[in-house]
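Participant: Contents of start15.cif (mmCIF, C-alpha atoms) are below:
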```
data_work
#
loop_
_atom_site.label_atom_id
_atom_site.label_comp_id
_atom_site.auth_asym_id
_atom_site.auth_seq_id
_atom_site.Cartn_x
_atom_site.Cartn_y
_atom_site.Cartn_z
CA MET A 1 92.74 101.59 95.04
CA PHE A 2 95.09 104.34 96.18
CA ALA A 3 98.62 103.79 97.47
CA PRO A 4 100.18 105.39 100.56
CA GLY A 5 101.75 108.73 99.63
CA GLU A 6 99.43 109.26 96.68
CA THR A 7 97.92 112.73 96.26
CA VAL A 8 94.11 112.74 96.30
CA ARG A 9 91.36 115.31 96.23
CA VAL A 10 88.12 114.96 98.14
CA LYS A 11 85.22 115.35 95.73
CA ASP A 12 83.56 118.74 95.89
CA ALA A 13 80.17 117.05 95.96
CA TRP A 14 77.15 118.13 98.00
CA PRO A 15 74.56 115.32 97.80
CA GLU A 16 72.85 116.70 100.90
CA ALA A 17 71.59 119.51 98.67
CA THR A 18 69.32 117.12 96.79
CA GLY A 19 67.84 114.80 99.42
CA PRO A 20 68.23 112.89 102.67
CA VAL A 21 71.71 111.45 103.10
CA HIS A 22 74.09 110.04 105.69
CA ILE A 23 77.63 111.13 104.84
CA ARG A 24 80.85 110.57 106.77
CA THR A 25 82.88 113.09 104.76
CA PRO A 26 83.03 116.41 106.67
CA HIS A 27 81.93 119.56 104.80
CA TYR A 28 85.16 121.42 105.51
CA VAL A 29 87.30 118.97 103.56
CA ARG A 30 85.25 118.77 100.34
CA GLY A 31 87.34 119.83 97.36
CA VAL A 32 90.55 119.81 99.42
CA THR A 33 93.71 118.01 98.30
CA GLY A 34 95.55 115.68 100.69
CA GLU A 35 97.72 112.59 100.84
CA ILE A 36 96.88 108.92 101.43
CA VAL A 37 98.46 107.68 104.67
CA ARG A 38 97.15 104.13 104.57
CA HIS A 39 94.29 101.84 103.65
CA LEU A 40 92.42 101.13 106.90
CA GLY A 41 90.28 98.28 105.60
CA ASP A 42 87.02 97.78 103.75
CA PHE A 43 83.69 98.63 105.36
CA PRO A 44 80.02 98.62 104.28
CA ASN A 45 79.13 101.98 102.76
CA PRO A 46 77.49 103.95 105.60
CA GLU A 47 75.53 106.01 103.07
CA ASP A 48 73.45 102.89 102.31
CA LEU A 49 73.73 101.23 105.72
CA ALA A 50 72.03 104.20 107.37
CA PHE A 51 68.94 103.70 105.21
CA ALA A 52 68.88 99.88 105.59
CA ARG A 53 69.78 99.49 101.91
CA PRO A 54 72.15 96.73 100.76
CA ALA A 55 75.57 98.25 101.52
CA GLU A 56 78.51 97.46 99.28
CA THR A 57 81.88 97.20 100.97
CA ARG A 58 84.17 100.14 100.19
CA PRO A 59 87.86 100.82 100.91
CA LEU A 60 88.43 103.30 103.73
CA TYR A 61 91.62 105.38 103.87
CA HIS A 62 93.36 107.55 106.39
CA VAL A 63 94.03 110.81 104.53
CA ARG A 64 96.31 113.60 105.72
CA PHE A 65 95.72 117.27 104.87
CA ARG A 66 97.64 120.44 105.54
CA LYS A 67 95.47 122.29 108.01
CA GLY A 68 96.25 125.50 106.13
CA ALA A 69 94.57 124.05 103.03
CA VAL A 70 91.27 124.36 104.90
CA TRP A 71 91.93 127.24 107.32
CA PRO A 72 94.59 129.66 106.04
CA GLU A 73 95.30 131.06 109.52
CA ALA A 74 96.54 127.63 110.70
CA LYS A 75 100.15 127.09 111.70
CA PRO A 76 101.91 125.94 108.49
CA ASP A 77 102.98 122.49 109.73
CA ASP A 78 99.74 121.49 111.44
CA GLU A 79 97.69 118.72 109.88
CA LEU A 80 94.32 116.99 109.76
CA LEU A 81 93.98 113.21 109.64
CA ILE A 82 90.60 111.97 108.45
CA GLU A 83 88.98 108.64 107.52
CA ILE A 84 87.55 108.95 104.01
CA PHE A 85 85.87 106.35 101.79
CA GLU A 86 87.33 105.69 98.36
CA HIS A 87 84.25 106.84 96.45
CA TRP A 88 84.83 110.34 97.89
CA LEU A 89 88.39 110.53 96.55
CA GLU A 90 89.68 111.41 93.08
CA ARG A 91 93.07 111.93 91.45
CA PRO A 92 93.62 115.69 91.07
CA MET B 1 50.90 105.79 117.85
CA THR B 2 54.12 106.24 115.89
CA ILE B 3 57.55 105.00 116.94
CA LEU B 4 58.45 108.58 117.95
CA GLU B 5 55.56 108.77 120.42
CA ALA B 6 56.19 105.39 122.07
CA ASP B 7 57.33 105.18 125.67
CA SER B 8 61.07 104.53 125.47
CA ASP B 9 61.07 101.64 127.98
CA GLN B 10 58.25 99.90 126.16
CA LEU B 11 59.97 100.51 122.83
CA LEU B 12 63.23 99.04 124.14
CA ALA B 13 61.45 95.99 125.53
CA ALA B 14 59.65 95.46 122.21
CA VAL B 15 62.86 95.75 120.19
CA ARG B 16 64.71 93.38 122.51
CA ALA B 17 61.89 90.83 122.32
CA LEU B 18 61.90 91.06 118.52
CA LEU B 19 65.69 90.67 118.32
CA GLU B 20 65.45 87.56 120.44
CA ARG B 21 62.47 86.09 118.60
CA LYS B 22 64.20 86.58 115.25
CA GLY B 23 67.36 84.94 116.61
CA ILE B 24 69.50 88.05 116.02
CA VAL B 25 70.73 88.40 119.60
CA THR B 26 69.97 86.52 122.82
CA SER B 27 69.18 88.06 126.19
CA PRO B 28 72.44 86.77 127.78
CA GLU B 29 74.38 88.40 124.92
CA VAL B 30 72.65 91.73 125.57
CA HIS B 31 73.44 91.45 129.30
CA ALA B 32 77.07 90.55 128.57
CA GLN B 33 77.43 93.57 126.30
CA ILE B 34 75.85 95.93 128.85
CA ALA B 35 78.20 94.55 131.54
CA SER B 36 81.27 95.00 129.37
CA THR B 37 80.21 98.55 128.34
CA ASP B 38 79.68 99.50 131.99
CA ALA B 39 83.00 97.91 133.01
CA ALA B 40 84.99 99.87 130.44
CA SER B 41 86.90 102.82 131.89
CA PRO B 42 89.97 104.93 131.13
CA GLY B 43 91.81 102.47 133.39
CA GLN B 44 91.76 99.98 130.50
CA GLY B 45 93.45 102.38 128.13
CA ALA B 46 95.89 103.43 130.85
CA ARG B 47 96.99 99.80 131.30
CA MET B 48 97.66 99.57 127.55
CA VAL B 49 99.65 102.82 127.59
CA ALA B 50 101.72 101.76 130.59
CA LYS B 51 102.53 98.39 129.03
CA ALA B 52 103.54 100.05 125.77
CA TRP B 53 105.92 102.33 127.72
CA VAL B 54 107.81 99.38 129.24
CA ASP B 55 107.45 96.72 126.53
CA PRO B 56 108.67 97.62 123.01
CA ASP B 57 107.00 94.55 121.44
CA TYR B 58 103.66 95.51 122.95
CA ARG B 59 104.14 99.12 121.79
CA GLY B 60 104.67 97.77 118.26
CA LEU B 61 101.49 95.70 118.45
CA LEU B 62 99.52 98.62 119.90
CA LEU B 63 100.46 100.94 117.03
CA GLU B 64 99.95 98.22 114.42
CA ASP B 65 96.64 96.80 115.64
CA GLY B 66 94.97 98.41 118.67
CA THR B 67 92.18 95.82 118.74
CA ARG B 68 94.60 92.91 119.12
CA ALA B 69 96.63 94.88 121.68
CA ALA B 70 93.46 95.47 123.76
CA GLU B 71 92.47 91.81 123.50
CA ALA B 72 95.97 90.81 124.62
CA LEU B 73 95.15 92.50 127.95
CA GLY B 74 91.79 90.75 128.22
CA ILE B 75 89.67 93.67 127.01
CA ARG B 76 86.59 92.48 125.12
CA MET B 77 86.63 93.89 121.57
CA ARG B 78 84.43 91.38 119.73
CA GLY B 79 81.82 93.01 117.53
CA LEU B 80 83.24 96.49 118.16
CA PRO B 81 84.77 98.89 115.63
CA PRO B 82 88.51 98.45 115.08
CA LEU B 83 90.76 100.42 117.42
CA GLY B 84 93.59 102.52 116.02
CA VAL B 85 96.31 104.02 118.21
CA LEU B 86 98.38 107.09 117.30
CA GLU B 87 101.63 107.90 119.08
CA ASN B 88 102.45 111.34 120.48
CA GLY B 89 106.08 112.38 120.68
CA LEU B 90 108.46 115.28 120.35
CA GLU B 91 107.61 115.81 116.67
CA VAL B 92 103.87 115.29 116.48
CA HIS B 93 100.95 115.61 118.89
CA HIS B 94 97.63 113.98 117.99
CA LEU B 95 94.30 115.32 119.20
CA VAL B 96 91.16 113.22 118.62
CA VAL B 97 87.75 114.70 117.88
CA CYS B 98 84.61 113.49 116.12
CA THR B 99 83.23 116.53 114.33
CA LEU B 100 80.28 114.63 112.83
CA CYS B 101 78.94 113.03 116.02
CA SER B 102 80.71 111.52 119.03
CA CYS B 103 82.73 108.45 117.92
CA TYR B 104 84.88 107.41 120.88
CA PRO B 105 86.86 104.27 121.79
CA ARG B 106 84.48 103.23 124.57
CA ALA B 107 85.89 99.72 124.95
CA VAL B 108 89.19 101.12 126.22
CA LEU B 109 88.20 104.56 127.58
CA GLY B 110 84.65 103.98 128.85
CA TYR B 111 81.92 106.57 128.42
CA PRO B 112 83.20 109.83 126.91
CA PRO B 113 83.65 112.94 129.08
CA PHE B 114 80.67 115.27 128.65
CA TRP B 115 82.69 117.89 126.78
CA TYR B 116 83.85 115.42 124.12
CA LYS B 117 80.33 115.40 122.64
CA SER B 118 79.78 119.16 122.95
CA ALA B 119 79.42 121.25 119.80
CA ALA B 120 81.99 123.68 121.25
CA TYR B 121 84.73 121.04 121.62
CA ARG B 122 83.98 119.56 118.20
CA ALA B 123 84.14 122.94 116.46
CA ARG B 124 87.13 124.37 118.33
CA ALA B 125 89.22 121.17 118.24
CA ILE B 126 89.22 121.07 114.46
CA ARG B 127 89.44 124.80 113.78
CA ASP B 128 91.60 126.24 116.56
CA PRO B 129 93.09 123.32 118.51
CA ARG B 130 96.14 125.09 119.94
CA GLU B 131 94.02 127.85 121.47
CA LEU B 132 91.49 125.28 122.73
CA LEU B 133 94.13 123.18 124.50
CA ALA B 134 95.88 126.20 125.98
CA SER B 135 92.76 127.95 127.25
CA GLU B 136 90.74 124.96 128.49
CA TRP B 137 93.45 122.53 129.63
CA LYS B 138 96.58 124.71 130.00
CA THR B 139 98.18 122.32 127.52
CA VAL B 140 100.63 124.31 125.42
CA ILE B 141 101.84 122.46 122.34
CA PRO B 142 105.31 123.88 121.53
CA ASP B 143 105.73 125.54 118.14
CA THR B 144 108.31 122.88 117.26
CA VAL B 145 105.67 120.14 117.55
CA LYS B 146 103.31 119.45 114.67
CA LEU B 147 99.70 119.31 115.84
CA ARG B 148 97.69 116.71 113.94
CA VAL B 149 93.95 116.77 114.59
CA VAL B 150 92.37 113.36 114.03
CA ASP B 151 88.75 113.64 112.93
CA SER B 152 87.15 110.31 113.80
CA THR B 153 84.70 110.23 110.92
CA ALA B 154 84.04 106.60 110.02
CA ASP B 155 84.58 102.99 111.10
CA TYR B 156 87.67 103.22 113.32
CA ARG B 157 87.92 104.46 116.89
CA TRP B 158 91.10 106.32 117.81
CA MET B 159 93.16 106.46 120.97
CA VAL B 160 96.38 108.38 121.63
CA LEU B 161 99.51 106.75 123.01
CA PRO B 162 100.95 109.71 124.96
CA ARG B 163 104.66 110.32 125.42
CA ARG B 164 106.08 108.86 128.62
CA PRO B 165 106.92 111.82 130.89
CA ASP B 166 110.43 112.47 132.16
CA GLY B 167 110.94 111.54 135.79
CA THR B 168 109.29 108.12 135.50
CA GLU B 169 112.44 106.10 134.90
CA GLY B 170 112.31 102.75 136.68
CA TRP B 171 108.57 102.94 137.42
CA ASP B 172 106.60 99.70 137.03
CA GLU B 173 103.48 99.31 134.89
CA GLU B 174 101.09 99.88 137.77
CA GLN B 175 102.76 103.15 138.79
CA LEU B 176 102.81 104.30 135.18
CA ALA B 177 99.15 103.40 134.57
CA ALA B 178 98.17 105.48 137.60
CA ILE B 179 99.35 108.74 136.01
CA VAL B 180 97.61 108.23 132.65
CA ARG B 181 94.37 110.22 132.49
CA VAL B 182 91.57 110.03 129.98
CA GLY B 183 92.55 113.40 128.49
CA ASP B 184 96.06 112.10 127.80
CA MET B 185 94.55 109.39 125.59
CA ILE B 186 92.36 111.90 123.71
CA GLY B 187 95.25 114.34 123.38
CA VAL B 188 93.88 117.31 125.37
CA THR B 189 96.43 116.81 128.15
CA VAL B 190 99.84 115.19 128.54
CA PRO B 191 100.80 112.87 131.40
CA GLU B 192 102.93 114.27 134.18
CA ALA B 193 105.18 112.33 136.55
CA GLN B 194 103.54 114.16 139.44
CA PRO B 195 99.91 114.90 138.61
CA ALA B 196 98.64 118.20 139.95
CA ALA B 197 96.86 117.71 143.28
CA VAL B 198 93.98 120.04 142.44
CA GLY B 199 91.78 119.78 139.37
CA THR B 200 92.64 118.23 136.05
CA GLY B 201 90.93 120.87 133.96
CA SER B 202 87.59 120.79 132.20
CA GLU B 203 87.20 117.02 132.49
CA THR B 204 86.45 117.26 136.22
CA ARG B 205 83.38 119.46 135.77
CA SER B 206 80.10 117.62 135.88
#
```
Here is a file; write its structure as structure tokens.

Facilitator:
Amino acid sequence: MFAPGETVRVKDAWPEATGPVHIRTPHYVRGVTGEIVRHLGDFPNPEDLAFARPAETRPLYHVRFRKGAVWPEAKPDDELLIEIFEHWLERP
Amino acid sequence: MTILEADSDQLLAAVRALLERKGIVTSPEVHAQIASTDAASPGQGARMVAKAWVDPDYRGLLLEDGTRAAEALGIRMRGLPPLGVLENGLEVHHLVVCTLCSCYPRAVLGYPPFWYKSAAYRARAIRDPRELLASEWKTVIPDTVKLRVVDSTADYRWMVLPRRPDGTEGWDEEQLAAIVRVGDMIGVTVPEAQPAAVGTGSETRS
């Protein structure tokens, strides 16, 4: 589990390169470092749910990113707030 | 014939019959859900916003647990994704988009405006939101306000609690609800005490 305020990095993983997938982690944020805002709850893993496989429940977090970390031309203070499952997050 | 070639009405009837036969969902439940989906409109969200503007306890509940706040006003939320509410103010302005598909808080805002699902809105909202809001809605977010784009990617649905506009002091809930538009609760517009008489921007196109 991650705590609010903790620094996390979204895994720079591209499972769609190797087969059919259903992923709720946007491309643009892979490999980007952000900060945990809060734990939103636990939900069945959509990556299994979408294929009617048994879906384990996974923690879902609201994660905040500096917009400039993704798009350098962004205004420095602007941010992105994204729901990301725990198995997509790592400690940098 | 494969499932992709089937007539859609026949396919729907077959799926509904199977759901009923297997005891997964009954016909009255399907009808109740269709009725509640059709009944949902931005008016529901506007009532929640107006109440939050006049009732600090309700505002607290709304920001803490949007689902319970909706249910407190009689809005049916059972079986639906949890509702989260993010507050706009003088320091931060939230703008909601679903870049992956079209996640939208239908229970409280009804069917999404056509542009919400467009590839153009989804791409521009995340990449260049200030330009998008200024050019399409004439909404200029001041440089002193942090713009936070909320990408609705997973199991929550997100609604914005807009800032109460100046010039509405002493208004009752009904008057306040009347000025809250769907765009205000997505974050593309901000409520005004005196809504413009002509056109509310892109959302009025059909």

Participant: Could you tell me, as an MDAnalysis selection string, exactly which residues end up selected when the PyMOL selection byres ((chain B and resi 147) around 6) is applied to this structure?

Facilitator: (chainID A and resid 78) or (chainID B and resid 92:93 146 148)

Participant: Counting all atoms listed in the file, figure out which residue out of A:Pro15, A:Pro26, A:Pro59, A:Pro92 gets nearest to chain B.

Facilitator: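 The closest residue to chain B is A:Pro26.
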
Participant: Distance cut-off 10 Å, counting only C-alpha atoms - which residues of chain B neighbour chain A? Return them as a PyMOL selection string.

Facilitator: chain B and resi 82+84+92-96+98-101+126-130+143-156

Participant: Limited to C-alpha atoms, could you put the picked residues into a file as a tab-separated table (two decimals), in the frame of the given file?

Facilitator:
```tsv
chain	number	residue	atom	x	y	z
B	82	PRO	CA	88.51	98.45	115.08
B	84	GLY	CA	93.59	102.52	116.02
B	92	VAL	CA	103.87	115.29	116.48
B	93	HIS	CA	100.95	115.61	118.89
B	94	HIS	CA	97.63	113.98	117.99
B	95	LEU	CA	94.30	115.32	119.20
B	96	VAL	CA	91.16	113.22	118.62
B	98	CYS	CA	84.61	113.49	116.12
B	99	THR	CA	83.23	116.53	114.33
B	100	LEU	CA	80.28	114.63	112.83
B	101	CYS	CA	78.94	113.03	116.02
B	126	ILE	CA	89.22	121.07	114.46
B	127	ARG	CA	89.44	124.80	113.78
B	128	ASP	CA	91.60	126.24	116.56
B	129	PRO	CA	93.09	123.32	118.51
B	130	ARG	CA	96.14	125.09	119.94
B	143	ASP	CA	105.73	125.54	118.14
B	144	THR	CA	108.31	122.88	117.26
B	145	VAL	CA	105.67	120.14	117.55
B	146	LYS	CA	103.31	119.45	114.67
B	147	LEU	CA	99.70	119.31	115.84
B	148	ARG	CA	97.69	116.71	113.94
B	149	VAL	CA	93.95	116.77	114.59
B	150	VAL	CA	92.37	113.36	114.03
B	151	ASP	CA	88.75	113.64	112.93
B	152	SER	CA	87.15	110.31	113.80
B	153	THR	CA	84.70	110.23	110.92
B	154	ALA	CA	84.04	106.60	110.02
B	155	ASP	CA	84.58	102.99	111.10
B	156	TYR	CA	87.67	103.22	113.32
```

Participant: Between B:Pro162, B:Pro28, B:Gly45, B:Pro142, which has the minimum distance to Glu87 in chain B (counting only C-alpha atoms)?

Facilitator: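 Closest candidate: B:Pro162.
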
Participant: Could the centre and edge lengths of an axis-aligned box, enclosing all atoms of range 165-182 of chain B in the file with 6 Å extra on each side, be given in Å to one decimal as lines of an AutoDock Vina configuration file?

Facilitator:
```
center_x = 102.0
center_y = 105.9
center_z = 134.4
size_x = 32.9
size_y = 25.2
size_z = 20.8
```

Participant: I'd like the neighbourhood of Val49 in chain B as a compact mmCIF listing (two decimals) with C-alpha atoms, keeping the file's coordinate frame, where a residue qualifies if any of its atoms comes within 12 Å (using all atoms listed in the file), though same-chain residues fewer than 2 positions away should be ignored.

Facilitator:
```txt
# COMPACT_ATOMS: atom_id res chain seq x y z
CA PRO B 42 89.97 104.93 131.13
CA GLY B 43 91.81 102.47 133.39
CA GLN B 44 91.76 99.98 130.50
CA GLY B 45 93.45 102.38 128.13
CA ALA B 46 95.89 103.43 130.85
CA ARG B 47 96.99 99.80 131.30
CA LYS B 51 102.53 98.39 129.03
CA ALA B 52 103.54 100.05 125.77
CA TRP B 53 105.92 102.33 127.72
CA VAL B 54 107.81 99.38 129.24
CA ASP B 55 107.45 96.72 126.53
CA PRO B 56 108.67 97.62 123.01
CA TYR B 58 103.66 95.51 122.95
CA ARG B 59 104.14 99.12 121.79
CA GLY B 60 104.67 97.77 118.26
CA LEU B 61 101.49 95.70 118.45
CA LEU B 62 99.52 98.62 119.90
CA LEU B 63 100.46 100.94 117.03
CA GLY B 66 94.97 98.41 118.67
CA ALA B 69 96.63 94.88 121.68
CA ALA B 70 93.46 95.47 123.76
CA LEU B 73 95.15 92.50 127.95
CA VAL B 85 96.31 104.02 118.21
CA LEU B 86 98.38 107.09 117.30
CA GLU B 87 101.63 107.90 119.08
CA ASN B 88 102.45 111.34 120.48
CA VAL B 108 89.19 101.12 126.22
CA LEU B 109 88.20 104.56 127.58
CA MET B 159 93.16 106.46 120.97
CA VAL B 160 96.38 108.38 121.63
CA LEU B 161 99.51 106.75 123.01
CA PRO B 162 100.95 109.71 124.96
CA ARG B 163 104.66 110.32 125.42
CA ARG B 164 106.08 108.86 128.62
CA GLU B 173 103.48 99.31 134.89
CA GLU B 174 101.09 99.88 137.77
CA GLN B 175 102.76 103.15 138.79
CA LEU B 176 102.81 104.30 135.18
CA ALA B 177 99.15 103.40 134.57
CA ALA B 178 98.17 105.48 137.60
CA ILE B 179 99.35 108.74 136.01
CA VAL B 180 97.61 108.23 132.65
CA ARG B 181 94.37 110.22 132.49
CA VAL B 182 91.57 110.03 129.98
CA ASP B 184 96.06 112.10 127.80
CA MET B 185 94.55 109.39 125.59
CA PRO B 191 100.80 112.87 131.40
```

Participant: If I only have part of range 39-73 of chain A, can you fill in N, CA and C atoms and write it as a JSON list (two decimals), in the coordinates of the input?

Facilitator:
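Here's the written file out-v1.json:
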```json
[["chain", "number", "residue", "atom", "x", "y", "z"],
["A", 39, "HIS", "N", 95.58, 102.48, 103.83],
["A", 39, "HIS", "CA", 94.29, 101.84, 103.65],
["A", 39, "HIS", "C", 93.92, 101.21, 104.99],
["A", 40, "LEU", "N", 92.78, 101.60, 105.56],
["A", 40, "LEU", "CA", 92.42, 101.13, 106.90],
["A", 40, "LEU", "C", 91.65, 99.83, 106.87],
["A", 41, "GLY", "N", 91.11, 99.48, 105.70],
["A", 41, "GLY", "CA", 90.28, 98.28, 105.60],
["A", 41, "GLY", "C", 89.08, 98.59, 104.72],
["A", 42, "ASP", "N", 88.21, 97.61, 104.57],
["A", 42, "ASP", "CA", 87.02, 97.78, 103.75],
["A", 42, "ASP", "C", 85.78, 97.66, 104.65],
["A", 43, "PHE", "N", 84.86, 98.58, 104.48],
["A", 43, "PHE", "CA", 83.69, 98.63, 105.36],
["A", 43, "PHE", "C", 82.43, 98.88, 104.53],
["A", 44, "PRO", "N", 81.28, 98.36, 105.01],
["A", 44, "PRO", "CA", 80.02, 98.62, 104.28],
["A", 44, "PRO", "C", 79.78, 100.13, 104.17],
["A", 45, "ASN", "N", 79.34, 100.55, 103.01],
["A", 45, "ASN", "CA", 79.13, 101.98, 102.76],
["A", 45, "ASN", "C", 78.06, 102.54, 103.70],
["A", 46, "PRO", "N", 78.45, 103.44, 104.62],
["A", 46, "PRO", "CA", 77.49, 103.95, 105.60],
["A", 46, "PRO", "C", 76.35, 104.73, 104.97],
["A", 47, "GLU", "N", 76.57, 105.22, 103.74],
["A", 47, "GLU", "CA", 75.53, 106.01, 103.07],
["A", 47, "GLU", "C", 74.31, 105.14, 102.72],
["A", 48, "ASP", "N", 74.56, 103.83, 102.54],
["A", 48, "ASP", "CA", 73.45, 102.89, 102.31],
["A", 48, "ASP", "C", 73.02, 102.24, 103.62],
["A", 49, "LEU", "N", 74.00, 101.89, 104.43],
["A", 49, "LEU", "CA", 73.73, 101.23, 105.72],
["A", 49, "LEU", "C", 72.72, 102.02, 106.54],
["A", 50, "ALA", "N", 72.87, 103.34, 106.54],
["A", 50, "ALA", "CA", 72.03, 104.20, 107.37],
["A", 50, "ALA", "C", 70.57, 104.14, 106.96],
["A", 51, "PHE", "N", 70.32, 103.76, 105.70],
["A", 51, "PHE", "CA", 68.94, 103.70, 105.21],
["A", 51, "PHE", "C", 68.48, 102.26, 105.03],
["A", 52, "ALA", "N", 69.22, 101.31, 105.65],
["A", 52, "ALA", "CA", 68.88, 99.88, 105.59],
["A", 52, "ALA", "C", 68.85, 99.37, 104.16],
["A", 53, "ARG", "N", 69.66, 100.00, 103.28],
["A", 53, "ARG", "CA", 69.78, 99.49, 101.91],
["A", 53, "ARG", "C", 70.95, 98.52, 101.87],
["A", 54, "PRO", "N", 70.98, 97.60, 100.88],
["A", 54, "PRO", "CA", 72.15, 96.73, 100.76],
["A", 54, "PRO", "C", 73.40, 97.60, 100.62],
["A", 55, "ALA", "N", 74.40, 97.37, 101.48],
["A", 55, "ALA", "CA", 75.57, 98.25, 101.52],
["A", 55, "ALA", "C", 76.81, 97.52, 101.01],
["A", 56, "GLU", "N", 77.29, 98.01, 99.87],
["A", 56, "GLU", "CA", 78.51, 97.46, 99.28],
["A", 56, "GLU", "C", 79.71, 97.83, 100.15],
["A", 57, "THR", "N", 80.67, 96.92, 100.19],
["A", 57, "THR", "CA", 81.88, 97.20, 100.97],
["A", 57, "THR", "C", 82.81, 98.13, 100.18],
["A", 58, "ARG", "N", 83.31, 99.16, 100.86],
["A", 58, "ARG", "CA", 84.17, 100.14, 100.19],
["A", 58, "ARG", "C", 85.47, 100.33, 100.95],
["A", 59, "PRO", "N", 86.59, 100.56, 100.22],
["A", 59, "PRO", "CA", 87.86, 100.82, 100.91],
["A", 59, "PRO", "C", 87.79, 102.15, 101.68],
["A", 60, "LEU", "N", 88.37, 102.11, 102.88],
["A", 60, "LEU", "CA", 88.43, 103.30, 103.73],
["A", 60, "LEU", "C", 89.91, 103.66, 103.93],
["A", 61, "TYR", "N", 90.23, 104.94, 103.76],
["A", 61, "TYR", "CA", 91.62, 105.38, 103.87],
["A", 61, "TYR", "C", 91.78, 106.41, 104.98],
["A", 62, "HIS", "N", 93.00, 106.43, 105.54],
["A", 62, "HIS", "CA", 93.36, 107.55, 106.39],
["A", 62, "HIS", "C", 94.04, 108.57, 105.48],
["A", 63, "VAL", "N", 93.51, 109.78, 105.44],
["A", 63, "VAL", "CA", 94.03, 110.81, 104.53],
["A", 63, "VAL", "C", 94.50, 112.00, 105.35],
["A", 64, "ARG", "N", 95.70, 112.48, 105.00],
["A", 64, "ARG", "CA", 96.31, 113.60, 105.72],
["A", 64, "ARG", "C", 96.20, 114.87, 104.89],
["A", 65, "PHE", "N", 95.85, 115.97, 105.55],
["A", 65, "PHE", "CA", 95.72, 117.27, 104.87],
["A", 65, "PHE", "C", 96.55, 118.30, 105.61],
["A", 66, "ARG", "N", 97.08, 119.28, 104.88],
["A", 66, "ARG", "CA", 97.64, 120.44, 105.54],
["A", 66, "ARG", "C", 96.48, 121.22, 106.12],
["A", 67, "LYS", "N", 96.58, 121.59, 107.38],
["A", 67, "LYS", "CA", 95.47, 122.29, 108.01],
["A", 67, "LYS", "C", 95.23, 123.62, 107.30],
["A", 68, "GLY", "N", 96.35, 124.22, 106.83],
["A", 68, "GLY", "CA", 96.25, 125.50, 106.13],
["A", 68, "GLY", "C", 95.48, 125.42, 104.82],
["A", 69, "ALA", "N", 95.34, 124.20, 104.27],
["A", 69, "ALA", "CA", 94.57, 124.05, 103.03],
["A", 69, "ALA", "C", 93.09, 124.28, 103.29],
["A", 70, "VAL", "N", 92.68, 124.14, 104.54],
["A", 70, "VAL", "CA", 91.27, 124.36, 104.90],
["A", 70, "VAL", "C", 91.11, 125.72, 105.59],
["A", 71, "TRP", "N", 92.01, 125.99, 106.57],
["A", 71, "TRP", "CA", 91.93, 127.24, 107.32],
["A", 71, "TRP", "C", 93.27, 127.96, 107.19],
["A", 72, "PRO", "N", 93.32, 129.00, 106.37],
["A", 72, "PRO", "CA", 94.59, 129.66, 106.04],
["A", 72, "PRO", "C", 95.33, 130.20, 107.26],
["A", 73, "GLU", "N", 94.62, 130.48, 108.36],
["A", 73, "GLU", "CA", 95.30, 131.06, 109.52],
["A", 73, "GLU", "C", 96.05, 130.00, 110.32]]
```
